[in-house]
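Undergrad: Provided below: coords-v7.pdb, containing PDB, C-alpha atoms.
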ATOM      1  CA  MET A  17      -2.462   8.641   4.546
ATOM      2  CA  ARG A  18      -4.009   9.361   1.147
ATOM      3  CA  ASP A  19      -2.879   6.007  -0.217
ATOM      4  CA  ILE A  20      -4.223   4.114   2.758
ATOM      5  CA  GLN A  21      -7.588   5.790   2.251
ATOM      6  CA  GLN A  22      -7.643   5.061  -1.469
ATOM      7  CA  ILE A  23      -6.667   1.432  -0.894
ATOM      8  CA  ASP A  24      -9.418   1.206   1.737
ATOM      9  CA  ASP A  25     -11.997   2.613  -0.701
ATOM     10  CA  TYR A  26     -10.804   0.235  -3.416
ATOM     11  CA  LEU A  27     -10.774  -2.918  -1.286
ATOM     12  CA  LEU A  28     -14.074  -2.161   0.429
ATOM     13  CA  LYS A  29     -15.605  -1.259  -2.936
ATOM     14  CA  TYR A  30     -16.532   2.265  -1.883
ATOM     15  CA  ALA A  31     -14.921   3.852  -4.930
ATOM     16  CA  GLY A  32     -16.831   4.525  -8.119
ATOM     17  CA  GLU A  33     -16.043   2.804 -11.410
ATOM     18  CA  ALA A  34     -13.941   5.667 -12.749
ATOM     19  CA  ASP A  35     -11.865   5.922  -9.559
ATOM     20  CA  ASN A  36     -11.385   2.173  -9.548
ATOM     21  CA  GLY A  37     -10.066   2.204 -13.109
ATOM     22  CA  LEU A  38      -7.648   4.977 -12.275
ATOM     23  CA  PHE A  39      -6.505   3.206  -9.131
ATOM     24  CA  GLU A  40      -5.951  -0.079 -10.985
ATOM     25  CA  ALA A  41      -3.791   1.771 -13.495
ATOM     26  CA  ARG A  42      -1.717   3.154 -10.616
ATOM     27  CA  LEU A  43      -1.365  -0.355  -9.202
ATOM     28  CA  ILE A  44       0.176  -1.499 -12.466
ATOM     29  CA  LEU A  45       2.547   1.443 -12.626
ATOM     30  CA  GLN A  46       3.534   1.630  -8.959
ATOM     31  CA  PRO A  47       4.883  -1.573  -7.378
ATOM     32  CA  ALA A  48       5.155   0.188  -3.999
ATOM     33  CA  LEU A  49       1.434   0.906  -4.024
ATOM     34  CA  ARG A  50       0.752  -2.734  -4.921
ATOM     35  CA  GLU A  51       2.863  -3.792  -1.965
ATOM     36  CA  CYS A  52       0.947  -1.450   0.348
ATOM     37  CA  LEU A  53      -2.295  -2.973  -0.877
ATOM     38  CA  LEU A  54      -1.095  -6.476  -0.046
ATOM     39  CA  TRP A  55      -0.071  -5.441   3.470
ATOM     40  CA  GLN A  56      -3.396  -3.723   3.953
ATOM     41  CA  GLN A  57      -5.235  -6.912   2.945
ATOM     42  CA  LYS A  58      -3.169  -8.868   5.481
ATOM     43  CA  THR A  59      -3.997  -6.222   8.074
ATOM     44  CA  TYR A  60      -7.754  -6.593   7.458
ATOM     45  CA  ALA A  61      -7.393 -10.347   7.902
ATOM     46  CA  ILE A  62      -5.562  -9.807  11.183
ATOM     47  CA  ILE A  63      -8.172  -7.315  12.432
ATOM     48  CA  ARG A  64     -10.782  -9.962  11.707
ATOM     49  CA  GLN A  65      -8.808 -12.642  13.509
ATOM     50  CA  TYR A  66      -8.253 -10.305  16.469
ATOM     51  CA  SER A  67     -11.962  -9.405  16.571
ATOM     52  CA  ARG A  68     -13.008 -13.048  16.485
ATOM     53  CA  ARG A  69     -10.699 -13.758  19.375
ATOM     54  CA  GLN A  70     -12.248 -10.914  21.372
ATOM     55  CA  LEU A  71     -15.751 -12.104  20.531
ATOM     56  CA  LYS A  72     -14.937 -15.689  21.503
ATOM     57  CA  ALA A  73     -13.602 -14.452  24.840
ATOM     58  CA  GLU A  74     -16.906 -12.644  25.430
ATOM     59  CA  ILE A  75     -18.851 -15.797  24.525
ATOM     60  CA  GLU A  76     -16.669 -17.894  26.820
ATOM     61  CA  SER A  77     -17.343 -15.529  29.717
ATOM     62  CA  VAL A  78     -21.104 -15.953  29.134
ATOM     63  CA  HIS A  79     -20.587 -19.738  29.109
ATOM     64  CA  LEU A  80     -18.660 -19.588  32.382
ATOM     65  CA  HIS A  81     -21.346 -17.420  33.921
ATOM     66  CA  LEU A  82     -24.134 -19.826  32.927
ATOM     67  CA  PHE A  83     -22.213 -22.863  34.107
ATOM     68  CA  THR A  84     -21.013 -21.533  37.439
ATOM     69  CA  GLU A  85     -23.491 -18.992  38.838
ATOM     70  CA  PRO A  86     -26.110 -20.391  41.246
ATOM     71  CA  GLU A  87     -29.009 -18.584  39.529
ATOM     72  CA  HIS A  88     -28.523 -20.724  36.410
ATOM     73  CA  ILE A  89     -28.495 -24.093  38.131
ATOM     74  CA  LEU A  90     -31.659 -25.268  36.351
ATOM     75  CA  PHE A  91     -30.179 -24.504  32.960
ATOM     76  CA  ARG A  92     -26.974 -26.284  33.928
ATOM     77  CA  ARG A  93     -28.868 -29.370  35.110
ATOM     78  CA  LYS A  94     -30.895 -29.427  31.926
ATOM     79  CA  ILE A  95     -27.711 -29.531  29.827
ATOM     80  CA  MET A  96     -25.918 -32.032  32.033
ATOM     81  CA  ALA A  97     -28.955 -34.339  31.915
ATOM     82  CA  ILE A  98     -28.621 -34.450  28.132
ATOM     83  CA  PHE A  99     -25.114 -35.859  28.407
ATOM     84  CA  SER A 100     -25.716 -38.183  31.336
ATOM     85  CA  ARG A 101     -28.030 -40.474  29.341
TER      86      ARG A 101
ATOM     87  CA  MET B  29     -18.038   8.258  29.932
ATOM     88  CA  GLN B  30     -16.411   6.975  26.759
ATOM     89  CA  ALA B  31     -15.303   3.741  28.389
ATOM     90  CA  MET B  32     -18.797   3.373  29.746
ATOM     91  CA  VAL B  33     -20.407   3.627  26.287
ATOM     92  CA  ILE B  34     -18.025   1.035  24.813
ATOM     93  CA  GLU B  35     -18.700  -1.124  27.850
ATOM     94  CA  ASP B  36     -22.398  -0.863  27.013
ATOM     95  CA  ARG B  37     -21.755  -2.427  23.603
ATOM     96  CA  ALA B  38     -20.073  -5.367  25.298
ATOM     97  CA  THR B  39     -22.986  -5.617  27.719
ATOM     98  CA  GLU B  40     -25.454  -5.659  24.815
ATOM     99  CA  ARG B  41     -23.535  -8.523  23.233
ATOM    100  CA  LYS B  42     -23.432 -10.351  26.555
ATOM    101  CA  VAL B  43     -27.221 -10.131  26.847
ATOM    102  CA  LEU B  44     -27.575 -11.399  23.264
ATOM    103  CA  PHE B  45     -25.243 -14.363  23.791
ATOM    104  CA  LYS B  46     -26.856 -15.277  27.105
ATOM    105  CA  HIS B  47     -30.268 -15.261  25.463
ATOM    106  CA  LEU B  48     -29.003 -17.385  22.550
ATOM    107  CA  TYR B  49     -27.340 -19.826  24.954
ATOM    108  CA  GLN B  50     -30.580 -20.309  26.861
ATOM    109  CA  GLN B  51     -32.667 -20.620  23.706
ATOM    110  CA  ALA B  52     -30.456 -22.689  21.464
ATOM    111  CA  PHE B  53     -27.789 -24.542  23.431
ATOM    112  CA  PRO B  54     -30.133 -27.304  24.741
ATOM    113  CA  LEU B  55     -31.177 -28.061  21.154
ATOM    114  CA  VAL B  56     -27.567 -28.093  19.962
ATOM    115  CA  ALA B  57     -26.487 -30.271  22.906
ATOM    116  CA  LYS B  58     -29.109 -32.885  21.993
ATOM    117  CA  TYR B  59     -28.103 -32.772  18.341
ATOM    118  CA  VAL B  60     -24.418 -33.310  19.180
ATOM    119  CA  ARG B  61     -25.141 -35.994  21.791
ATOM    120  CA  ASP B  62     -27.309 -37.944  19.318
ATOM    121  CA  ARG B  63     -24.301 -38.099  17.019
ATOM    122  CA  GLY B  64     -21.925 -39.301  19.701
ATOM    123  CA  GLY B  65     -20.445 -35.915  20.573
ATOM    124  CA  SER B  66     -19.433 -34.776  24.054
ATOM    125  CA  PHE B  67     -20.365 -31.704  26.069
ATOM    126  CA  ASP B  68     -17.100 -30.062  25.007
ATOM    127  CA  ALA B  69     -17.800 -30.809  21.351
ATOM    128  CA  ALA B  70     -21.254 -29.251  21.717
ATOM    129  CA  LYS B  71     -19.771 -26.208  23.415
ATOM    130  CA  ASP B  72     -17.091 -25.687  20.730
ATOM    131  CA  ILE B  73     -19.424 -26.037  17.783
ATOM    132  CA  PHE B  74     -22.087 -23.875  19.429
ATOM    133  CA  GLN B  75     -19.596 -21.096  20.113
ATOM    134  CA  ASP B  76     -18.386 -21.225  16.499
ATOM    135  CA  ALA B  77     -22.018 -20.989  15.395
ATOM    136  CA  LEU B  78     -22.524 -17.918  17.597
ATOM    137  CA  VAL B  79     -19.526 -16.215  15.954
ATOM    138  CA  ILE B  80     -20.963 -16.937  12.501
ATOM    139  CA  TYR B  81     -24.407 -15.743  13.583
ATOM    140  CA  TYR B  82     -22.937 -12.515  14.977
ATOM    141  CA  GLU B  83     -20.959 -11.894  11.778
ATOM    142  CA  LYS B  84     -24.061 -12.511   9.715
ATOM    143  CA  LEU B  85     -26.001 -10.020  11.838
ATOM    144  CA  ALA B  86     -23.207  -7.463  11.485
ATOM    145  CA  THR B  87     -22.701  -7.766   7.726
ATOM    146  CA  SER B  88     -26.144  -8.123   6.319
ATOM    147  CA  GLY B  89     -28.593  -8.455   9.125
ATOM    148  CA  VAL B  90     -30.584 -11.645   9.147
ATOM    149  CA  THR B  91     -34.128 -11.932   7.984
ATOM    150  CA  LEU B  92     -35.262 -14.886   9.999
ATOM    151  CA  GLN B  93     -37.670 -17.278   8.355
ATOM    152  CA  TYR B  94     -37.541 -19.435  11.448
ATOM    153  CA  SER B  95     -36.685 -18.837  15.081
ATOM    154  CA  GLU B  96     -33.183 -17.840  16.159
ATOM    155  CA  ARG B  97     -32.616 -21.257  17.650
ATOM    156  CA  SER B  98     -33.574 -23.024  14.417
ATOM    157  CA  TYR B  99     -31.230 -20.739  12.558
ATOM    158  CA  ILE B 100     -28.355 -21.500  14.928
ATOM    159  CA  LEU B 101     -29.104 -25.218  14.797
ATOM    160  CA  GLY B 102     -28.908 -24.953  11.000
ATOM    161  CA  ILE B 103     -25.429 -23.444  11.294
ATOM    162  CA  VAL B 104     -24.421 -26.179  13.754
ATOM    163  CA  LYS B 105     -25.628 -28.925  11.378
ATOM    164  CA  HIS B 106     -23.581 -27.394   8.610
ATOM    165  CA  LEU B 107     -20.465 -27.132  10.790
ATOM    166  CA  TRP B 108     -20.940 -30.654  12.129
ATOM    167  CA  ALA B 109     -21.249 -32.063   8.612
ATOM    168  CA  LYS B 110     -18.155 -30.175   7.545
ATOM    169  CA  LYS B 111     -16.180 -31.265  10.574
ATOM    170  CA  ASN B 112     -17.165 -34.870  10.172
ATOM    171  CA  LYS B 113     -16.502 -34.815   6.455
ATOM    172  CA  TRP B 114     -20.046 -35.520   5.484
ATOM    173  CA  HIS B 115     -21.181 -33.899   2.304
ATOM    174  CA  SER B 116     -22.760 -30.725   3.551
ATOM    175  CA  HIS B 117     -25.364 -30.836   0.779
ATOM    176  CA  HIS B 118     -26.930 -33.719   2.690
ATOM    177  CA  ILE B 119     -27.985 -31.090   5.183
ATOM    178  CA  GLU B 120     -30.814 -29.080   3.779
ATOM    179  CA  LEU B 121     -30.299 -25.420   4.370
ATOM    180  CA  ASP B 122     -32.819 -22.760   3.606
ATOM    181  CA  ASP B 123     -31.839 -19.681   1.616
ATOM    182  CA  SER B 124     -31.280 -17.513   4.645
ATOM    183  CA  LEU B 125     -28.486 -19.858   5.707
ATOM    184  CA  ALA B 126     -26.586 -19.550   2.464
ATOM    185  CA  GLY B 127     -22.972 -18.542   2.904
ATOM    186  CA  ILE B 128     -22.772 -19.374   6.565
ATOM    187  CA  ALA B 129     -19.413 -21.090   6.444
ATOM    188  CA  MET B 130     -16.918 -19.299   8.619
ATOM    189  CA  GLU B 131     -14.726 -17.672   6.050
ATOM    190  CA  GLU B 132     -11.096 -18.215   6.639
ATOM    191  CA  THR B 133      -9.060 -15.065   6.824
ATOM    192  CA  GLY B 134      -6.414 -16.323   4.405
ATOM    193  CA  THR B 135      -3.771 -15.124   6.833
ATOM    194  CA  SER B 136      -3.115 -16.806  10.107
ATOM    195  CA  ALA B 137      -1.437 -14.557  12.613
ATOM    196  CA  PRO B 138       0.109 -16.149  15.669
ATOM    197  CA  GLU B 139      -1.322 -15.333  19.066
ATOM    198  CA  LYS B 140       1.781 -13.336  19.975
ATOM    199  CA  LEU B 141       1.096 -10.829  17.193
ATOM    200  CA  LEU B 142      -2.517 -10.471  18.345
ATOM    201  CA  ASP B 143      -1.250 -10.028  21.922
ATOM    202  CA  LEU B 144       1.207  -7.378  20.783
ATOM    203  CA  LEU B 145      -1.532  -5.455  18.945
ATOM    204  CA  HIS B 146      -3.792  -5.740  21.966
ATOM    205  CA  HIS B 147      -1.217  -4.437  24.413
ATOM    206  CA  SER B 148       0.371  -1.792  22.222
ATOM    207  CA  GLY B 149      -2.806  -0.237  20.932
ATOM    208  CA  GLN B 150      -5.999  -1.557  22.417
ATOM    209  CA  ARG B 151      -7.932   1.597  21.636
ATOM    210  CA  CYS B 152      -6.889   1.471  17.994
ATOM    211  CA  MET B 153      -7.827  -2.194  17.767
ATOM    212  CA  GLU B 154     -11.228  -1.469  19.315
ATOM    213  CA  LEU B 155     -11.797   1.309  16.794
ATOM    214  CA  LEU B 156     -10.770  -0.912  13.871
ATOM    215  CA  GLN B 157     -12.876  -3.772  15.194
ATOM    216  CA  ALA B 158     -15.912  -1.480  15.457
ATOM    217  CA  PHE B 159     -15.578  -0.468  11.803
ATOM    218  CA  TYR B 160     -14.222  -3.528   9.998
ATOM    219  CA  TYR B 161     -15.775  -6.319  12.064
ATOM    220  CA  ASP B 162     -18.834  -4.960  13.846
ATOM    221  CA  LYS B 163     -19.565  -2.902  10.702
ATOM    222  CA  LEU B 164     -20.699   0.147  12.667
ATOM    223  CA  SER B 165     -21.117   3.414  10.790
ATOM    224  CA  MET B 166     -18.513   6.138  11.308
ATOM    225  CA  SER B 167     -21.141   8.401  12.856
ATOM    226  CA  LYS B 168     -21.967   5.719  15.434
ATOM    227  CA  ILE B 169     -18.269   5.118  16.050
ATOM    228  CA  ALA B 170     -17.700   8.845  16.551
ATOM    229  CA  GLY B 171     -20.356   8.818  19.272
ATOM    230  CA  LEU B 172     -19.111   5.632  20.928
ATOM    231  CA  PHE B 173     -15.467   6.677  21.031
ATOM    232  CA  GLY B 174     -16.093  10.308  21.936
ATOM    233  CA  PHE B 175     -14.882  11.983  18.738
ATOM    234  CA  SER B 176     -16.176  15.453  18.018
ATOM    235  CA  SER B 177     -17.222  14.528  14.487
ATOM    236  CA  GLU B 178     -17.466  11.714  11.990
ATOM    237  CA  ARG B 179     -14.563  13.295  10.125
ATOM    238  CA  SER B 180     -12.196  13.159  13.089
ATOM    239  CA  ALA B 181     -13.223   9.558  13.783
ATOM    240  CA  THR B 182     -12.440   8.712  10.144
ATOM    241  CA  VAL B 183      -9.027  10.376  10.318
ATOM    242  CA  GLN B 184      -8.241   8.438  13.498
ATOM    243  CA  LYS B 185      -9.388   5.205  11.867
ATOM    244  CA  TYR B 186      -6.881   5.695   9.040
ATOM    245  CA  LYS B 187      -4.100   6.558  11.494
ATOM    246  CA  CYS B 188      -4.850   3.368  13.414
ATOM    247  CA  LEU B 189      -4.981   1.302  10.247
ATOM    248  CA  GLU B 190      -1.628   2.691   9.166
ATOM    249  CA  LYS B 191      -0.108   2.019  12.584
ATOM    250  CA  VAL B 192      -1.357  -1.576  12.659
ATOM    251  CA  ARG B 193      -0.297  -2.164   9.063
ATOM    252  CA  ASP B 194       3.213  -0.949   9.912
ATOM    253  CA  ILE B 195       3.410  -3.273  12.932
ATOM    254  CA  VAL B 196       2.169  -6.228  10.880
ATOM    255  CA  LYS B 197       4.678  -5.486   8.142
ATOM    256  CA  GLU B 198       7.591  -4.940  10.494
ATOM    257  CA  LYS B 199       6.929  -8.051  12.545
ATOM    258  CA  SER B 200       6.331 -10.162   9.463
ATOM    259  CA  LEU B 201       9.572  -9.084   7.857
ATOM    260  CA  THR B 202      11.713  -9.416  10.960
ATOM    261  CA  HIS B 203      10.217 -12.679  12.251
ATOM    262  CA  GLU B 204       9.550 -15.277   9.605
ATOM    263  CA  ASP B 205       7.152 -17.141  11.862
ATOM    264  CA  PHE B 206       4.932 -14.128  12.418
ATOM    265  CA  LEU B 207       2.742 -14.688   9.404
ATOM    266  CA  ALA B 208       2.084 -18.111   8.042
TER     267      ALA B 208
END
Take the structure in this file and express it as structure tokens.

TA:
Amino acid sequence: MRDIQQIDDYLLKYAGEADNGLFEARLILQPALRECLLWQQKTYAIIRQYSRRQLKAEIESVHLHLFTEPEHILFRRKIMAIFSR
Amino acid sequence: MQAMVIEDRATERKVLFKHLYQQAFPLVAKYVRDRGGSFDAAKDIFQDALVIYYEKLATSGVTLQYSERSYILGIVKHLWAKKNKWHSHHIELDDSLAGIAMEETGTSAPEKLLDLLHHSGQRCMELLQAFYYDKLSMSKIAGLFGFSSERSATVQKYKCLEKVRDIVKEKSLTHEDFLA
């Protein structure tokens, strides 16, 4: 747990200069810590990918709402008119 | 109560996206149509622009020099130029639009890994999303997720991160196709 927190602080640049230097020295000396750091970076990337997917699903549901609900018929017509020319 | 508060965040986003759709989508549709694009092309590029706009709001906030719809159209022009292999410097972007390109994650996880994370730990993923993607403060997250303090929310965040990291590592090592 302590390592995960220190890696988090290091990657998100929360740590001070002195702590960073110390942590970088540990990275050189401890291959296992270096490996953890790489997996944590991959995990951040996956969290981002997951979050984008969730956000896109929310956006798609707004799109569906605007293009199917009767109260937005004027908006829908306005858009369709653009593509019917 | 807790589910209701998190639901409220989703509702807030829904209101934002609906507003942006009504304000900016007609402009984007005309732009795409004038360049020979279809309704579906306009929809795809507009939705990508909304993701970029949201991420920009979350990371740094946006100081708008122009209206929201002009800002989103600027993102769309940039994406369109990129997609159609034009030189994007032909599109003049003002300073507030700098760095709008959707950064690639560097790692491409297959949908099945994202599905697995969603089904095996949705609450953890929501917590991690709130911190790492929506960039909410830990004190706000503590309130949203019903933790008694910022400290306990932080501890839970690390537990979740560790759990997800272990799943990613395990699945990547046991299934070669899990991480490209």

Undergrad: Counting only C-alpha atoms, which residue out of A:Ala61, A:Arg92, A:Glu87, A:Arg69 sits closest to chain B?

TA: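 That would be A:Ala61, the residue with the smallest distance to chain B.
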
Undergrad: Could you write out as an MDAnalysis selection string the residues that the ChimeraX specification (/A :<8) & /B matches in the shown file?

TA: chainID B and resid 38 42 45:46 49:50 54 57:58 61 66:67 75 79 133:137 142 153 156:157 160:161 186:187 189:190 192:193 196:197

Undergrad: At what distance in Å, to one decimal, does CA of Arg179 (chain B) lie from CA of Ala158 (chain B)?

TA: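 If I compute the distance from CA of Ala158 (chain B) to CA of Arg179 (chain B), I get 15.8 Å.
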
Undergrad: What does the distance between CA of Lys191 (chain B) and CA of Ala48 (chain A) come to in Å, to one decimal place?

TA: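 Atom-to-atom, CA of Lys191 (chain B) to CA of Ala48 (chain A), that is 17.5 Å.
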
Undergrad: Hey, what comes out of the PyMOL selection byres ((chain B and resi 108) around 10) on this file? Could you write it as a PyMOL selection string?

TA: chain B and resi 59-60+63+65+69-70+73+102-107+109-114+116+119

Undergrad: For CA of Val56 (chain B) and CA of Leu101 (chain B), quote the distance in Å rounded to one decimal.

TA: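 We find that CA of Val56 (chain B) and CA of Leu101 (chain B) lie 6.1 Å from each other.
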
Undergrad: Which residue gives the smallest distance to Glu51 (chain A) among A:Ala97, A:Ile23, A:Leu80, A:Ile89, with only C-alpha atoms counted?

TA: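 Once distances to Glu51 (chain A) are computed over only C-alpha atoms, the minimum belongs to A:Ile23.
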